[in-house]
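Peer 1: To be precise about what I am sending: the file is called protein.pdb and holds PDB, C-alpha atoms, pLDDT in the B column.
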ATOM      1  CA  MET A   1       6.368 -13.864  -7.565  1.00 71.00           C
ATOM      2  CA  LEU A   2       3.452 -11.919  -8.982  1.00 80.00           C
ATOM      3  CA  ALA A   3       1.019 -14.762  -8.275  1.00 88.00           C
ATOM      4  CA  LEU A   4       2.438 -15.226  -4.775  1.00 82.00           C
ATOM      5  CA  THR A   5       2.062 -11.499  -4.116  1.00 82.00           C
ATOM      6  CA  LEU A   6      -1.632 -11.735  -4.892  1.00 88.00           C
ATOM      7  CA  LEU A   7      -2.283 -15.016  -3.058  1.00 93.00           C
ATOM      8  CA  LEU A   8      -0.204 -14.745   0.131  1.00 92.00           C
ATOM      9  CA  PRO A   9      -0.769 -12.451   3.110  1.00 94.00           C
ATOM     10  CA  ALA A  10       0.872  -9.020   2.889  1.00 88.00           C
ATOM     11  CA  ARG A  11       3.291  -9.581   5.780  1.00 90.00           C
ATOM     12  CA  LEU A  12       4.689 -12.804   4.284  1.00 92.00           C
ATOM     13  CA  THR A  13       4.864 -11.267   0.811  1.00 88.00           C
ATOM     14  CA  ARG A  14       6.847  -8.318   2.167  1.00 87.00           C
ATOM     15  CA  TRP A  15       9.437 -10.612   3.764  1.00 89.00           C
ATOM     16  CA  LEU A  16       9.668 -12.794   0.658  1.00 88.00           C
ATOM     17  CA  ASN A  17      10.191  -9.761  -1.587  1.00 84.00           C
ATOM     18  CA  PHE A  18      12.886  -8.448   0.724  1.00 86.00           C
ATOM     19  CA  GLY A  19      14.710 -11.757   1.137  1.00 88.00           C
ATOM     20  CA  LEU A  20      14.507 -12.858  -2.482  1.00 86.00           C
ATOM     21  CA  GLY A  21      15.566  -9.403  -3.676  1.00 83.00           C
ATOM     22  CA  LEU A  22      18.703  -9.575  -1.566  1.00 86.00           C
ATOM     23  CA  LEU A  23      19.372 -13.166  -2.645  1.00 89.00           C
ATOM     24  CA  TYR A  24      18.985 -12.317  -6.333  1.00 87.00           C
ATOM     25  CA  THR A  25      21.224  -9.262  -5.965  1.00 86.00           C
ATOM     26  CA  SER A  26      23.974 -11.356  -4.377  1.00 86.00           C
ATOM     27  CA  ILE A  27      23.676 -13.943  -7.170  1.00 86.00           C
ATOM     28  CA  ILE A  28      24.029 -11.166  -9.763  1.00 84.00           C
ATOM     29  CA  LEU A  29      27.144  -9.887  -8.007  1.00 82.00           C
ATOM     30  CA  LEU A  30      28.729 -13.334  -7.946  1.00 84.00           C
ATOM     31  CA  VAL A  31      27.873 -14.608 -11.425  1.00 81.00           C
ATOM     32  CA  ILE A  32      28.753 -11.802 -13.841  1.00 71.00           C
ATOM     33  CA  GLN A  33      32.264 -10.783 -12.844  1.00 73.00           C
ATOM     34  CA  ASP A  34      34.286 -10.187 -16.021  1.00 74.00           C
ATOM     35  CA  SER A  35      32.192  -9.759 -19.112  1.00 73.00           C
ATOM     36  CA  TRP A  36      31.364  -7.390 -21.944  1.00 82.00           C
ATOM     37  CA  PRO A  37      30.445  -3.779 -21.117  1.00 84.00           C
ATOM     38  CA  PHE A  38      26.816  -4.384 -22.089  1.00 83.00           C
ATOM     39  CA  TYR A  39      26.514  -7.092 -19.457  1.00 83.00           C
ATOM     40  CA  GLN A  40      28.245  -4.894 -16.902  1.00 84.00           C
ATOM     41  CA  PHE A  41      25.669  -2.166 -17.554  1.00 88.00           C
ATOM     42  CA  TYR A  42      22.849  -4.718 -17.412  1.00 86.00           C
ATOM     43  CA  ARG A  43      24.246  -6.047 -14.130  1.00 87.00           C
ATOM     44  CA  GLY A  44      24.262  -2.561 -12.617  1.00 88.00           C
ATOM     45  CA  PHE A  45      20.721  -1.923 -13.821  1.00 91.00           C
ATOM     46  CA  LYS A  46      19.471  -5.173 -12.286  1.00 89.00           C
ATOM     47  CA  ILE A  47      21.232  -4.416  -8.998  1.00 88.00           C
ATOM     48  CA  VAL A  48      19.511  -1.019  -8.831  1.00 91.00           C
ATOM     49  CA  LEU A  49      16.102  -2.540  -9.593  1.00 90.00           C
ATOM     50  CA  THR A  50      16.406  -5.376  -7.064  1.00 87.00           C
ATOM     51  CA  GLY A  51      17.675  -2.868  -4.523  1.00 85.00           C
ATOM     52  CA  LEU A  52      14.587  -0.738  -5.114  1.00 88.00           C
ATOM     53  CA  ILE A  53      12.344  -3.780  -4.714  1.00 83.00           C
ATOM     54  CA  SER A  54      14.019  -4.714  -1.440  1.00 84.00           C
ATOM     55  CA  GLY A  55      13.894  -1.116  -0.239  1.00 85.00           C
ATOM     56  CA  LEU A  56      10.224  -0.753  -1.020  1.00 84.00           C
ATOM     57  CA  ALA A  57       9.467  -4.069   0.634  1.00 81.00           C
ATOM     58  CA  TRP A  58      11.334  -2.947   3.762  1.00 81.00           C
ATOM     59  CA  SER A  59       9.412   0.318   4.092  1.00 80.00           C
TER      60      SER A  59
END
Please render this file's structure as structure tokens.
Peer 2:
Amino acid sequence: MLALTLLLPARLTRWLNFGLGLLYTSIILLVIQDSWPFYQFYRGFKIVLTGLISGLAWS
């Protein structure tokens, strides 16, 4: 995504960051359901980060 961010127009990059951030967040929510506490913490951390990416792309 870093290369696409530099090569594509800003408007398209913003929509891709927003859409792919939401898609990745939903995949995280579906895949790691019952697992060790470390992975639960890691899941929460990744959800926060992808939420920040989508939020920044939206604004």
Peer 1: To one decimal place in Å, what is the distance between atom CA of A:Leu2 and atom CA of A:Phe38?
Peer 2: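 It comes out at 27.8 Å.
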Peer 1: Using the chain letters and numbering of this document, enumerate as an MDAnalysis selection string the residues selected by the PyMOL selection byres ((chain A and resi 48-54) around 7).
Peer 2: chainID A and resid 17:18 21:22 25 44:47 55:58
Peer 1: Report the distance between atom CA of A:Ala3 and atom CA of A:Gly19 in Å, rounded to one decimal place.
Peer 2: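 Taking atom CA of A:Ala3 and atom CA of A:Gly19, their separation equals 16.9 Å.
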Peer 1: When you draw a straight line from atom CA of A:Leu23 to atom CA of A:Ser35, how long is it in Å?
Peer 2: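 Interatomic distance here is 21.1 Å.
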Peer 1: Starting from 3 Å padding per side, set up an axis-aligned box that covers all listed atoms of stretch 14-28 of chain A and hand over centre and edge lengths in Å, one decimal, as JSON.
Peer 2:
{"center_x": 15.4, "center_y": -11.1, "center_z": -3.0, "size_x": 23.2, "size_y": 11.6, "size_z": 19.5}
Peer 1: So which one's closest to A:Ile27, A:Leu6, A:Arg14, A:Ser59, A:Arg43? Using all atoms listed in the file, please.
Peer 2: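 Nearest candidate to A:Ile27 out of A:Leu6, A:Arg14, A:Ser59, A:Arg43: A:Arg43.
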Peer 1: Which of these residues is nearest to A:Met1, using all atoms listed in the file: A:Tyr24, A:Leu29, A:Trp36, A:Thr13?
Peer 2: A:Thr13
Peer 1: Write out N, CA and C atoms for stretch 18-43 of chain A, as a PDB file, in the coordinates of the input.
Peer 2:
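Result file selection.pdb:
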ATOM      1  N   PHE A  18      11.633  -8.957   0.170  1.00 86.00           N
ATOM      2  CA  PHE A  18      12.886  -8.448   0.724  1.00 86.00           C
ATOM      3  C   PHE A  18      13.988  -9.499   0.642  1.00 86.00           C
ATOM      4  N   GLY A  19      13.697 -10.695   1.114  1.00 88.00           N
ATOM      5  CA  GLY A  19      14.710 -11.757   1.137  1.00 88.00           C
ATOM      6  C   GLY A  19      15.130 -12.208  -0.250  1.00 88.00           C
ATOM      7  N   LEU A  20      14.170 -12.411  -1.136  1.00 86.00           N
ATOM      8  CA  LEU A  20      14.507 -12.858  -2.482  1.00 86.00           C
ATOM      9  C   LEU A  20      15.190 -11.757  -3.289  1.00 86.00           C
ATOM     10  N   GLY A  21      14.861 -10.506  -3.019  1.00 83.00           N
ATOM     11  CA  GLY A  21      15.566  -9.403  -3.676  1.00 83.00           C
ATOM     12  C   GLY A  21      17.031  -9.360  -3.293  1.00 83.00           C
ATOM     13  N   LEU A  22      17.310  -9.546  -2.012  1.00 86.00           N
ATOM     14  CA  LEU A  22      18.703  -9.575  -1.566  1.00 86.00           C
ATOM     15  C   LEU A  22      19.436 -10.805  -2.097  1.00 86.00           C
ATOM     16  N   LEU A  23      18.763 -11.942  -2.121  1.00 89.00           N
ATOM     17  CA  LEU A  23      19.372 -13.166  -2.645  1.00 89.00           C
ATOM     18  C   LEU A  23      19.693 -13.013  -4.129  1.00 89.00           C
ATOM     19  N   TYR A  24      18.767 -12.495  -4.905  1.00 87.00           N
ATOM     20  CA  TYR A  24      18.985 -12.317  -6.333  1.00 87.00           C
ATOM     21  C   TYR A  24      20.096 -11.305  -6.602  1.00 87.00           C
ATOM     22  N   THR A  25      20.162 -10.249  -5.808  1.00 86.00           N
ATOM     23  CA  THR A  25      21.224  -9.262  -5.965  1.00 86.00           C
ATOM     24  C   THR A  25      22.583  -9.891  -5.698  1.00 86.00           C
ATOM     25  N   SER A  26      22.688 -10.709  -4.669  1.00 86.00           N
ATOM     26  CA  SER A  26      23.974 -11.356  -4.377  1.00 86.00           C
ATOM     27  C   SER A  26      24.352 -12.347  -5.474  1.00 86.00           C
ATOM     28  N   ILE A  27      23.384 -13.033  -6.054  1.00 86.00           N
ATOM     29  CA  ILE A  27      23.676 -13.943  -7.170  1.00 86.00           C
ATOM     30  C   ILE A  27      24.186 -13.153  -8.372  1.00 86.00           C
ATOM     31  N   ILE A  28      23.581 -12.010  -8.653  1.00 84.00           N
ATOM     32  CA  ILE A  28      24.029 -11.166  -9.763  1.00 84.00           C
ATOM     33  C   ILE A  28      25.472 -10.730  -9.529  1.00 84.00           C
ATOM     34  N   LEU A  29      25.786 -10.346  -8.312  1.00 82.00           N
ATOM     35  CA  LEU A  29      27.144  -9.887  -8.007  1.00 82.00           C
ATOM     36  C   LEU A  29      28.168 -11.001  -8.172  1.00 82.00           C
ATOM     37  N   LEU A  30      27.789 -12.222  -7.871  1.00 84.00           N
ATOM     38  CA  LEU A  30      28.729 -13.334  -7.946  1.00 84.00           C
ATOM     39  C   LEU A  30      28.885 -13.911  -9.349  1.00 84.00           C
ATOM     40  N   VAL A  31      27.846 -13.894 -10.144  1.00 81.00           N
ATOM     41  CA  VAL A  31      27.873 -14.608 -11.425  1.00 81.00           C
ATOM     42  C   VAL A  31      28.582 -13.814 -12.517  1.00 81.00           C
ATOM     43  N   ILE A  32      28.209 -12.575 -12.718  1.00 71.00           N
ATOM     44  CA  ILE A  32      28.753 -11.802 -13.841  1.00 71.00           C
ATOM     45  C   ILE A  32      29.913 -10.950 -13.324  1.00 71.00           C
ATOM     46  N   GLN A  33      31.096 -11.527 -13.324  1.00 73.00           N
ATOM     47  CA  GLN A  33      32.264 -10.783 -12.844  1.00 73.00           C
ATOM     48  C   GLN A  33      32.966 -10.048 -13.987  1.00 73.00           C
ATOM     49  N   ASP A  34      33.566 -10.796 -14.895  1.00 74.00           N
ATOM     50  CA  ASP A  34      34.286 -10.187 -16.021  1.00 74.00           C
ATOM     51  C   ASP A  34      33.555 -10.530 -17.309  1.00 74.00           C
ATOM     52  N   SER A  35      32.940  -9.526 -17.884  1.00 73.00           N
ATOM     53  CA  SER A  35      32.192  -9.759 -19.112  1.00 73.00           C
ATOM     54  C   SER A  35      32.193  -8.488 -19.953  1.00 73.00           C
ATOM     55  N   TRP A  36      31.437  -8.519 -21.037  1.00 82.00           N
ATOM     56  CA  TRP A  36      31.364  -7.390 -21.944  1.00 82.00           C
ATOM     57  C   TRP A  36      30.724  -6.193 -21.254  1.00 82.00           C
ATOM     58  N   PRO A  37      31.016  -4.984 -21.735  1.00 84.00           N
ATOM     59  CA  PRO A  37      30.445  -3.779 -21.117  1.00 84.00           C
ATOM     60  C   PRO A  37      28.919  -3.769 -21.076  1.00 84.00           C
ATOM     61  N   PHE A  38      28.273  -4.341 -22.107  1.00 83.00           N
ATOM     62  CA  PHE A  38      26.816  -4.384 -22.089  1.00 83.00           C
ATOM     63  C   PHE A  38      26.321  -5.145 -20.872  1.00 83.00           C
ATOM     64  N   TYR A  39      26.941  -6.283 -20.592  1.00 83.00           N
ATOM     65  CA  TYR A  39      26.514  -7.092 -19.457  1.00 83.00           C
ATOM     66  C   TYR A  39      26.865  -6.423 -18.130  1.00 83.00           C
ATOM     67  N   GLN A  40      27.917  -5.649 -18.103  1.00 84.00           N
ATOM     68  CA  GLN A  40      28.245  -4.894 -16.902  1.00 84.00           C
ATOM     69  C   GLN A  40      27.177  -3.828 -16.639  1.00 84.00           C
ATOM     70  N   PHE A  41      26.741  -3.149 -17.697  1.00 88.00           N
ATOM     71  CA  PHE A  41      25.669  -2.166 -17.554  1.00 88.00           C
ATOM     72  C   PHE A  41      24.375  -2.842 -17.113  1.00 88.00           C
ATOM     73  N   TYR A  42      24.053  -3.966 -17.749  1.00 86.00           N
ATOM     74  CA  TYR A  42      22.849  -4.718 -17.412  1.00 86.00           C
ATOM     75  C   TYR A  42      22.897  -5.195 -15.967  1.00 86.00           C
ATOM     76  N   ARG A  43      24.058  -5.616 -15.517  1.00 87.00           N
ATOM     77  CA  ARG A  43      24.246  -6.047 -14.130  1.00 87.00           C
ATOM     78  C   ARG A  43      23.959  -4.890 -13.170  1.00 87.00           C
TER      79      ARG A  43
END
